[in-house]
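Student: If you scroll down you'll find the structure; I have some questions about it.
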Amino acid sequence: MKDAHQADRLIIGVDGGGTKTDAVLAAATADGRFEILGRGRSGASNMRLAGRSEALSSLGEAIGEAAKGVLGEGRSADIAVLGLAGSEFPDIQDEIRAWAKHSGLCRRIEILNDAEPVLAAGTPERWGVALVVGTGSIAIGQLPSGQRIIKGGWGHWYGDHGSGYDLGARALGAVSEAEDGMGPETELSWRLLEHFKLQNPRMIIQKLYASGNVRARIAATAPVVLAAAEAGDIVAHRIVERCAGELVRLVTAVTCDLEIEQPYPLALAGGVICRHNAYRARLESSLRAVNPSPGPITPVPEPVMGCLKIGLDYLTN
């Protein structure tokens, strides 16, 4: 493989967030497309969440796996496009650039937030709205003129509305209220105990503190909440309704600020929204009820493909 692509221009694409990091190495082809040469996956690369050491280690591990047998021995990629949650801060970008330069990773690096590649991958004409709902949540909108706006992405302390973390945190709050007699009983109590393999709800506190990434552990309970809602639990259903409503508000904030008055392409990404059909259907139904409503809605299971498209644009334009 290495010899076969010795003369090709190489692109590294990375999609990273609060739970996992996906990397792809691709070769730009003569017809303006790309051929995938390798893939890699590792842990969280949101530096604000995981910390510098773990985030850079995750980037190195995922890229190293994707580039095995192609890069190295004096050869680097022509460009690396990294779509990373929490990467909009200058100090974080400086850290990543310094790391990439030291590793000899690429000749050029572009660092984007994790919503921009979704827009590139899920909107054919590169305008519309992209919504990412995973551990956290963020939305980006772009007009045909290139005007762009970002909403959300504030992090779990005072943002990430409608995200996996939001679903999980609200569910844990409901369980604590039920345990204290301050709220209604809910299936979430036994379901979350089963999830954490515990007998006592108060032990959940210790379980979370013992984990290195509390936010990710809470976000990982989102499937439990969604399953309870589908099973008919009223408390879980209300949580899901509230969180879906928050996502509608997020998308609407984007369309209002951009003054979009017509049906727009909507791209959806993130494990919470792409892997859970009922949650996605609830969101889509609610969005159809507002004006303007989305036109084509495209799930983007691999945002890293958007990174490759952006990298290809840089190489060919």
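Numbering starts fresh at 1 for the residues of each chain in the structure tokens, the chains themselves are lettered A, B, ... in the order given, and ligands are numbered from 1 as they appear.
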Taking the DSSP secondary structure from the backbone, can you list the residues of region 60-251 of chain A that are alpha helix (DSSP H), as a PyMOL selection string?
Tutor: chain A and resi 60-67+90-103+116-122+164-179+188-196+203-210+214-219+222-230+234-251
Student: Write out, as an mmCIF file, in the first residue's frame, the residues just selected, with C-alpha atoms.
Tutor:
```cif
data_model
loop_
_atom_site.group_PDB
_atom_site.id
_atom_site.type_symbol
_atom_site.label_atom_id
_atom_site.label_comp_id
_atom_site.auth_asym_id
_atom_site.auth_seq_id
_atom_site.Cartn_x
_atom_site.Cartn_y
_atom_site.Cartn_z
ATOM 1 C CA GLY A 60 -1.934 10.018 18.139
ATOM 2 C CA GLU A 61 -3.429 6.576 18.632
ATOM 3 C CA ALA A 62 -6.278 7.033 16.131
ATOM 4 C CA ILE A 63 -4.101 8.670 13.469
ATOM 5 C CA GLY A 64 -1.309 6.167 14.013
ATOM 6 C CA GLU A 65 -3.686 3.275 13.431
ATOM 7 C CA ALA A 66 -5.127 4.903 10.298
ATOM 8 C CA ALA A 67 -1.699 5.746 8.857
ATOM 9 C CA PRO A 90 -6.661 29.553 20.647
ATOM 10 C CA ASP A 91 -4.658 27.899 23.435
ATOM 11 C CA ILE A 92 -6.003 24.474 22.503
ATOM 12 C CA GLN A 93 -5.306 25.028 18.814
ATOM 13 C CA ASP A 94 -1.755 26.082 19.679
ATOM 14 C CA GLU A 95 -1.268 22.868 21.685
ATOM 15 C CA ILE A 96 -2.522 20.716 18.810
ATOM 16 C CA ARG A 97 -0.446 22.530 16.198
ATOM 17 C CA ALA A 98 2.697 22.181 18.306
ATOM 18 C CA TRP A 99 1.999 18.476 18.794
ATOM 19 C CA ALA A 100 1.378 17.951 15.060
ATOM 20 C CA LYS A 101 4.564 19.809 14.135
ATOM 21 C CA HIS A 102 6.641 17.794 16.594
ATOM 22 C CA SER A 103 5.199 14.516 15.304
ATOM 23 C CA GLU A 116 -18.225 21.975 10.424
ATOM 24 C CA PRO A 117 -17.361 18.556 8.921
ATOM 25 C CA VAL A 118 -20.984 17.478 9.414
ATOM 26 C CA LEU A 119 -22.128 20.444 7.347
ATOM 27 C CA ALA A 120 -19.639 19.497 4.618
ATOM 28 C CA ALA A 121 -20.686 15.836 4.626
ATOM 29 C CA GLY A 122 -24.442 16.235 4.986
ATOM 30 C CA GLY A 164 -26.407 12.590 25.812
ATOM 31 C CA TYR A 165 -25.075 14.304 28.911
ATOM 32 C CA ASP A 166 -28.278 16.330 29.293
ATOM 33 C CA LEU A 167 -30.446 13.217 29.019
ATOM 34 C CA GLY A 168 -28.308 11.374 31.553
ATOM 35 C CA ALA A 169 -28.013 14.234 34.033
ATOM 36 C CA ARG A 170 -31.762 14.829 34.022
ATOM 37 C CA ALA A 171 -32.376 11.109 34.534
ATOM 38 C CA LEU A 172 -29.983 10.930 37.481
ATOM 39 C CA GLY A 173 -31.717 13.964 38.958
ATOM 40 C CA ALA A 174 -35.081 12.229 38.595
ATOM 41 C CA VAL A 175 -33.727 9.127 40.331
ATOM 42 C CA SER A 176 -32.379 11.169 43.250
ATOM 43 C CA GLU A 177 -35.719 12.960 43.613
ATOM 44 C CA ALA A 178 -37.614 9.666 43.565
ATOM 45 C CA GLU A 179 -35.236 8.217 46.163
ATOM 46 C CA LEU A 188 -35.078 4.938 35.598
ATOM 47 C CA SER A 189 -34.184 3.959 39.168
ATOM 48 C CA TRP A 190 -33.807 0.248 38.514
ATOM 49 C CA ARG A 191 -32.628 0.717 34.946
ATOM 50 C CA LEU A 192 -29.740 2.973 36.003
ATOM 51 C CA LEU A 193 -28.823 0.676 38.890
ATOM 52 C CA GLU A 194 -28.696 -2.166 36.380
ATOM 53 C CA HIS A 195 -26.590 -0.015 34.029
ATOM 54 C CA PHE A 196 -24.040 0.760 36.746
ATOM 55 C CA MET A 203 -23.558 4.333 45.205
ATOM 56 C CA ILE A 204 -23.928 5.919 41.761
ATOM 57 C CA ILE A 205 -22.156 8.982 43.180
ATOM 58 C CA GLN A 206 -19.098 6.934 44.092
ATOM 59 C CA LYS A 207 -19.174 5.144 40.742
ATOM 60 C CA LEU A 208 -19.121 8.438 38.861
ATOM 61 C CA TYR A 209 -16.382 10.019 40.970
ATOM 62 C CA ALA A 210 -14.233 6.917 40.516
ATOM 63 C CA VAL A 214 -17.558 11.836 34.638
ATOM 64 C CA ARG A 215 -19.228 13.703 31.786
ATOM 65 C CA ALA A 216 -18.773 10.772 29.419
ATOM 66 C CA ARG A 217 -20.046 8.308 32.040
ATOM 67 C CA ILE A 218 -23.199 10.361 32.522
ATOM 68 C CA ALA A 219 -23.674 10.747 28.764
ATOM 69 C CA ALA A 222 -28.561 8.263 27.457
ATOM 70 C CA PRO A 223 -29.561 4.924 25.847
ATOM 71 C CA VAL A 224 -31.006 3.862 29.218
ATOM 72 C CA VAL A 225 -33.156 6.998 29.356
ATOM 73 C CA LEU A 226 -34.347 6.594 25.773
ATOM 74 C CA ALA A 227 -35.176 2.916 26.348
ATOM 75 C CA ALA A 228 -37.201 3.773 29.455
ATOM 76 C CA ALA A 229 -39.128 6.411 27.513
ATOM 77 C CA GLU A 230 -39.914 3.946 24.719
ATOM 78 C CA ILE A 234 -43.638 8.902 32.140
ATOM 79 C CA VAL A 235 -40.629 10.518 33.823
ATOM 80 C CA ALA A 236 -38.245 9.340 31.109
ATOM 81 C CA HIS A 237 -40.719 10.416 28.429
ATOM 82 C CA ARG A 238 -40.836 13.935 29.870
ATOM 83 C CA ILE A 239 -37.042 14.101 29.928
ATOM 84 C CA VAL A 240 -36.836 13.037 26.288
ATOM 85 C CA GLU A 241 -39.524 15.547 25.291
ATOM 86 C CA ARG A 242 -37.698 18.336 27.115
ATOM 87 C CA CYS A 243 -34.337 17.475 25.578
ATOM 88 C CA ALA A 244 -35.760 17.181 22.064
ATOM 89 C CA GLY A 245 -37.357 20.577 22.593
ATOM 90 C CA GLU A 246 -33.980 22.037 23.535
ATOM 91 C CA LEU A 247 -32.518 20.768 20.263
ATOM 92 C CA VAL A 248 -35.361 22.391 18.347
ATOM 93 C CA ARG A 249 -34.574 25.677 20.104
ATOM 94 C CA LEU A 250 -30.912 25.282 19.162
ATOM 95 C CA VAL A 251 -31.647 24.748 15.468
#
```
Student: For region 288-305 of chain A, please output as a PyMOL selection string all residues within 9 Å (counting only C-alpha atoms; exclusion window: fewer than 3 positions along the same chain).
Tutor: chain A and resi 13-16+22-24+81-83+114-123+128-129+248+252+255-256+260-271+273-275+283-285+308-310
Student: Mind listing the strand (DSSP E or B) residues of region 90-291 of chain A, per DSSP on the backbone, as JSON, numbers by chain?
Tutor: {"A": [106, 109, 110, 111, 112, 128, 129, 130, 131, 132, 133, 137, 138, 139, 140, 141, 142, 148, 149, 150, 151, 152, 264, 265, 266, 267, 268, 269]}
Student: For each of A:Asp313, A:Glu54, A:Glu125, A:Asp8, take the minimum atom-to-atom distance to Thr21 (chain A), counting only C-alpha atoms, then give the residue where this is smallest.
Tutor: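 Of A:Asp313, A:Glu54, A:Glu125, A:Asp8, the one nearest Thr21 (chain A) is A:Glu54, counting only C-alpha atoms.
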Student: With only C-alpha atoms as the basis for distance, which of A:Val133, A:Ile36, A:Leu71, A:Leu10 is at the shortest distance from His276 (chain A)?
Tutor: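 The shortest atom-to-atom distance to His276 (chain A) comes from A:Val133.
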Student: Using only C-alpha atoms for the distances, tell me which of A:Ile149, A:Ala28, A:Asn113, A:Thr186 is nearest to Asp233 (chain A).
Tutor: A:Thr186
